[in-house]
Amino acid sequence: MKNKSIILLYTAALFTFTACADYLEEENRNFLSDQILLSNPQALDQLVANGYDRLRLATSNFDLDHQGTDVFTRRDIVAGISDLNDYVNLLPTNGAVGAYWANYYNVIAAVNTAISRVDEIQGLTAADRTRGLAEAKFLRAYSYFHLVENYGEVPLILEEIQTAQTEFSRASEAEVYGQIITDLDEALAGVDETPSLYGRASKDAVRHLKAKVLLTRGYKDFGNETDFTEAAALAETVVANHPLVDDFASLVSRENQRNSEVIFAVLYGADPVARGIGNFRHLLFKFVYDVYPGQTRSTLYHRGLGRAPTPYFYELFEEGDEREAATVRRLMIAEVNSAEGAITAGDTSIYFPKNAWSQEEIQSKEYEVINPGEYYTPNGITQVHFPMFKKFDDPGVPYTNPGINPDGERDAVLMRSGETRLIAAEAYLQAGNTTEAAEHLNALRSRAGLDNPIAPADVTLDLILDESAIEMAGEISRWMDLKRTGKLIERVLEHNPHAALNNAIKAFHYRRPIPQSEVDVSNGSIEQNEGYN
């Protein structure tokens, strides 16, 4: 693909102004009427671009994707309670639950406008119409997939809403999945195989998403008997078109972020106008390191957001797995001289050994050594401390405090063929073909430098989930993976220390609560999920 970017081309704003006197009249240069917009053949591109832009915020609502899983937990000592991570008193008024719903429905609203208005656009060529509609339906399918998996039955809105409405009914999961598949089939027929603008949905992006949707539907009582085999076949096509990058460190480097493995990404970039508030991912899975000797608020390490990997996550990496060094930072180098002078810039400041050091060895060092097993034990400096993520680093982006735009410039990769291989492996396993499943897992392990291949007889759902945790950490919704496979409760209680302490997760937590604001405004036509009343 050409190294160009699709950016937000259209923002329509209507401002009204009431004059205090007749002589005060102003020309409103922000006004863009339907008539003006729809007279431009580029209007469809602009309307669809609005959907891409809204996808940025929808895919940055990380709390529902990460917290309350086996590999991510809250960034606190193992005490107290949390509604979202520990499943204690999770209520329909939870802010993250409401934001997730609103953000994905905002994407749907944007693309529904494009779909509903397409026949009103003047001078639109048949090719542009087909491609624009296909991209809009891809974005709608992506959004509904996340909504139906998180909330279950949801309102299925397929046209632009132009008047105030409060009466909505929840479509069954089977209906929502049927619409997702319909949208994806139409998208596959209409999007470009190789888009001219980097960032547009391609046929392989549609194939990847459809493979994941079919894999997920295959577990459900309304699934088709061919869902797993069809998912595997789609995944094979994508894998053939998107070879793995040779080494994992190169894959996650900022310099090589647009590579053969990437299938679909949300773009940000250095232009502050096109970037918007910026990418958040470089802030994920980090602790308050800047209070340690030799550390300061850094444009490399940045500040951290409120979640952390579980101890189990770090235990998953085998000796020699190159993904570990590319994913987490066990060694932190001092960026300034410490106040007492024991550590100077460039020295080791904090070290997290993979295997525990003896107290004698620790005491011989000027720097802080934090052993495995002590990540959630206060040490007199910080309450919690752990090897921080580095795979999303965005060096040079300004350090920002909470409430300030993060201004991250890296692309946010939403689909890559590393995950496609995991989808293929799981689909083959469910279809009874463990030989092909092992082949896809071993391709990832070989790329990671591991020379002990998995035998077909050893392939299990848990093994695939472990490989996915290592390969895709922080990139995709771990919660949706655990829900799909029916492993949510089992693995959360076994591996999430905070959730295990409270032991509150129940079967009804396989669905999020419907935001209370939606229930209220619908006058009861949208009913609350069981367990949250």
# chains A, B, ... in the order shown; residues from 1 in each chain; ligands from 1
$ closest_atom_pairs --of "segment 307-374 of chain A" --to "segment 489-496 of chain A" --cutoff "8 Å" --atoms "only C-alpha atoms" --output "Markdown table"
| residue | atom | partner | partner_atom | distance |
| --- | --- | --- | --- | --- |
| A:Thr310 | CA | A:Asn496 | CA | 6.2 |
| A:Pro311 | CA | A:His495 | CA | 7.8 |
| A:Tyr312 | CA | A:His495 | CA | 5.9 |
$ write_last_selection --atoms "all heavy atoms" --output "mmCIF file, in the first residue's frame"
data_model
loop_
_atom_site.group_PDB
_atom_site.id
_atom_site.type_symbol
_atom_site.label_atom_id
_atom_site.label_comp_id
_atom_site.auth_asym_id
_atom_site.auth_seq_id
_atom_site.Cartn_x
_atom_site.Cartn_y
_atom_site.Cartn_z
ATOM 1 N N THR A 310 -0.686 -9.096 35.623
ATOM 2 C CA THR A 310 -0.706 -9.987 36.782
ATOM 3 C C THR A 310 0.624 -10.734 36.875
ATOM 4 O O THR A 310 1.347 -10.867 35.875
ATOM 5 C CB THR A 310 -1.840 -11.015 36.662
ATOM 6 O OG1 THR A 310 -1.599 -11.832 35.495
ATOM 7 C CG2 THR A 310 -3.192 -10.340 36.533
ATOM 8 N N PRO A 311 0.966 -11.256 38.049
ATOM 9 C CA PRO A 311 2.175 -12.090 38.140
ATOM 10 C C PRO A 311 2.156 -13.245 37.145
ATOM 11 O O PRO A 311 3.210 -13.630 36.611
ATOM 12 C CB PRO A 311 2.135 -12.588 39.589
ATOM 13 C CG PRO A 311 1.403 -11.509 40.335
ATOM 14 C CD PRO A 311 0.349 -11.021 39.359
ATOM 15 N N TYR A 312 0.977 -13.788 36.880
ATOM 16 C CA TYR A 312 0.871 -14.900 35.942
ATOM 17 C C TYR A 312 1.362 -14.512 34.558
ATOM 18 O O TYR A 312 1.994 -15.332 33.867
ATOM 19 C CB TYR A 312 -0.585 -15.376 35.873
ATOM 20 C CG TYR A 312 -0.811 -16.522 34.921
ATOM 21 C CD1 TYR A 312 -0.314 -17.794 35.204
ATOM 22 C CD2 TYR A 312 -1.537 -16.357 33.743
ATOM 23 C CE1 TYR A 312 -0.518 -18.855 34.332
ATOM 24 C CE2 TYR A 312 -1.751 -17.408 32.874
ATOM 25 C CZ TYR A 312 -1.243 -18.654 33.174
ATOM 26 O OH TYR A 312 -1.444 -19.704 32.310
#
$ select_by_dssp --residues "segment 287-344 of chain A" --states "alpha helix (DSSP H)" --output "mmCIF file with N, CA, C and O atoms, in the first residue's frame"
data_model
loop_
_atom_site.group_PDB
_atom_site.id
_atom_site.type_symbol
_atom_site.label_atom_id
_atom_site.label_comp_id
_atom_site.auth_asym_id
_atom_site.auth_seq_id
_atom_site.Cartn_x
_atom_site.Cartn_y
_atom_site.Cartn_z
ATOM 1 N N PRO A 311 0.966 -11.256 38.049
ATOM 2 C CA PRO A 311 2.175 -12.090 38.140
ATOM 3 C C PRO A 311 2.156 -13.245 37.145
ATOM 4 O O PRO A 311 3.210 -13.630 36.611
ATOM 5 N N TYR A 312 0.977 -13.788 36.880
ATOM 6 C CA TYR A 312 0.871 -14.900 35.942
ATOM 7 C C TYR A 312 1.362 -14.512 34.558
ATOM 8 O O TYR A 312 1.994 -15.332 33.867
ATOM 9 N N PHE A 313 1.096 -13.283 34.155
ATOM 10 C CA PHE A 313 1.531 -12.848 32.830
ATOM 11 C C PHE A 313 3.036 -13.016 32.671
ATOM 12 O O PHE A 313 3.518 -13.541 31.658
ATOM 13 N N TYR A 314 3.798 -12.577 33.662
ATOM 14 C CA TYR A 314 5.257 -12.665 33.558
ATOM 15 C C TYR A 314 5.737 -14.107 33.593
ATOM 16 O O TYR A 314 6.768 -14.436 32.995
ATOM 17 N N GLU A 315 4.996 -14.969 34.282
ATOM 18 C CA GLU A 315 5.391 -16.382 34.368
ATOM 19 C C GLU A 315 5.225 -17.116 33.047
ATOM 20 O O GLU A 315 5.814 -18.194 32.846
ATOM 21 N N GLU A 322 11.910 -14.403 22.881
ATOM 22 C CA GLU A 322 12.328 -13.040 22.554
ATOM 23 C C GLU A 322 11.203 -12.021 22.708
ATOM 24 O O GLU A 322 11.460 -10.812 22.761
ATOM 25 N N ARG A 323 9.975 -12.498 22.811
ATOM 26 C CA ARG A 323 8.857 -11.577 23.004
ATOM 27 C C ARG A 323 8.915 -10.901 24.372
ATOM 28 O O ARG A 323 8.392 -9.802 24.546
ATOM 29 N N GLU A 324 9.554 -11.548 25.337
ATOM 30 C CA GLU A 324 9.620 -10.961 26.679
ATOM 31 C C GLU A 324 10.406 -9.652 26.672
ATOM 32 O O GLU A 324 9.937 -8.618 27.158
ATOM 33 N N ALA A 325 11.607 -9.672 26.126
ATOM 34 C CA ALA A 325 12.445 -8.472 26.121
ATOM 35 C C ALA A 325 11.849 -7.363 25.269
ATOM 36 O O ALA A 325 12.074 -6.176 25.530
ATOM 37 N N ALA A 326 11.081 -7.735 24.252
ATOM 38 C CA ALA A 326 10.463 -6.725 23.391
ATOM 39 C C ALA A 326 9.177 -6.164 23.986
ATOM 40 O O ALA A 326 8.730 -5.088 23.593
ATOM 41 N N THR A 327 8.601 -6.898 24.944
ATOM 42 C CA THR A 327 7.313 -6.496 25.518
ATOM 43 C C THR A 327 7.476 -5.722 26.810
ATOM 44 O O THR A 327 6.817 -4.701 27.023
#
$ closest_atom_pairs --of "segment 464-484 of chain A" --to "segment 243-257 of chain A" --cutoff "12 Å" --atoms "only C-alpha atoms" --output "Markdown table"
| residue | atom | partner | partner_atom | distance |
| --- | --- | --- | --- | --- |
| A:Ile470 | CA | A:Phe248 | CA | 11.2 |
| A:Glu471 | CA | A:Phe248 | CA | 9.0 |
| A:Met472 | CA | A:Val252 | CA | 10.8 |
| A:Ala473 | CA | A:Val252 | CA | 11.6 |
| A:Glu475 | CA | A:Val252 | CA | 10.9 |
$ write_last_selection --atoms "N, CA and C atoms" --output "tab-separated table (two decimals), in the first residue's frame"
chain	number	residue	atom	x	y	z
A	470	ILE	N	0.83	-13.88	25.51
A	470	ILE	CA	2.21	-13.44	25.26
A	470	ILE	C	2.30	-12.65	23.96
A	471	GLU	N	1.73	-13.20	22.91
A	471	GLU	CA	1.86	-12.62	21.57
A	471	GLU	C	1.10	-11.30	21.42
A	472	MET	N	-0.10	-11.24	21.97
A	472	MET	CA	-0.99	-10.10	21.70
A	472	MET	C	-1.21	-9.21	22.92
A	473	ALA	N	-0.38	-9.30	23.91
A	473	ALA	CA	-0.60	-8.59	25.18
A	473	ALA	C	-0.89	-7.11	24.97
A	475	GLU	N	-2.89	-5.66	23.01
A	475	GLU	CA	-3.29	-5.23	21.66
A	475	GLU	C	-4.75	-5.50	21.35
$ closest_residue --among "A:His208, A:Arg447, A:Arg170, A:Lys354" --to "Pro155 of chain A" --atoms "only C-alpha atoms"
A:Arg170
$ closest_residue --among "A:Thr59, A:Ser358, A:Thr435, A:Ser517" --to "Asn103 of chain A" --atoms "only C-alpha atoms"
A:Thr59
$ closest_residue --among "A:Ile115, A:Pro309, A:Ser172, A:Asn89" --to "Pro497 of chain A" --atoms "only C-alpha atoms"
A:Pro309
$ closest_atom_pairs --of "segment 385-481 of chain A" --to "segment 283-299 of chain A" --cutoff "10 Å" --atoms "only C-alpha atoms" --output "JSON lines"
{"residue": "A:His385", "atom": "CA", "partner": "A:Phe287", "partner_atom": "CA", "distance": 5.8}
{"residue": "A:Phe386", "atom": "CA", "partner": "A:Phe287", "partner_atom": "CA", "distance": 7.1}
{"residue": "A:Pro387", "atom": "CA", "partner": "A:Lys286", "partner_atom": "CA", "distance": 7.9}
{"residue": "A:Met388", "atom": "CA", "partner": "A:Lys286", "partner_atom": "CA", "distance": 4.9}
{"residue": "A:Phe389", "atom": "CA", "partner": "A:Phe285", "partner_atom": "CA", "distance": 5.7}
{"residue": "A:Lys390", "atom": "CA", "partner": "A:Phe285", "partner_atom": "CA", "distance": 9.0}
{"residue": "A:Lys391", "atom": "CA", "partner": "A:Leu284", "partner_atom": "CA", "distance": 9.8}
{"residue": "A:Phe392", "atom": "CA", "partner": "A:Leu284", "partner_atom": "CA", "distance": 7.9}
{"residue": "A:Asp393", "atom": "CA", "partner": "A:Leu283", "partner_atom": "CA", "distance": 8.0}
{"residue": "A:Asp394", "atom": "CA", "partner": "A:Thr299", "partner_atom": "CA", "distance": 8.1}
{"residue": "A:Pro395", "atom": "CA", "partner": "A:Thr299", "partner_atom": "CA", "distance": 5.9}
{"residue": "A:Gly396", "atom": "CA", "partner": "A:Thr299", "partner_atom": "CA", "distance": 5.1}
{"residue": "A:Val397", "atom": "CA", "partner": "A:Thr299", "partner_atom": "CA", "distance": 5.9}
{"residue": "A:Pro398", "atom": "CA", "partner": "A:Thr299", "partner_atom": "CA", "distance": 5.5}
{"residue": "A:Tyr399", "atom": "CA", "partner": "A:Thr299", "partner_atom": "CA", "distance": 5.3}
{"residue": "A:Thr400", "atom": "CA", "partner": "A:Thr299", "partner_atom": "CA", "distance": 9.0}
{"residue": "A:Asn401", "atom": "CA", "partner": "A:Arg297", "partner_atom": "CA", "distance": 9.8}
{"residue": "A:Pro406", "atom": "CA", "partner": "A:Leu283", "partner_atom": "CA", "distance": 8.2}
{"residue": "A:Gly408", "atom": "CA", "partner": "A:Leu283", "partner_atom": "CA", "distance": 9.0}
{"residue": "A:Gly474", "atom": "CA", "partner": "A:Leu284", "partner_atom": "CA", "distance": 8.1}
$ residues_around --residues "Val118 of chain A" --least-positions-apart "2" --cutoff "12 Å" --atoms "only C-alpha atoms" --output "number ranges by chain"
A: 37-48, 111-116, 120-126, 128-134, 136, 159-160
$ atom_distance --atom1 "atom CA of Leu300 of chain A" --atom2 "atom CA of Ile333 of chain A"
10.8 Å
$ atom_distance --atom1 "atom CA of Arg207 of chain A" --atom2 "atom CA of Gln179 of chain A"
15.7 Å
$ residues_around --residues "Ala58 of chain A" --least-positions-apart "3" --cutoff "6 Å" --atoms "only C-alpha atoms" --output "VMD selection string"
chain A and resid 55 61 103 to 104
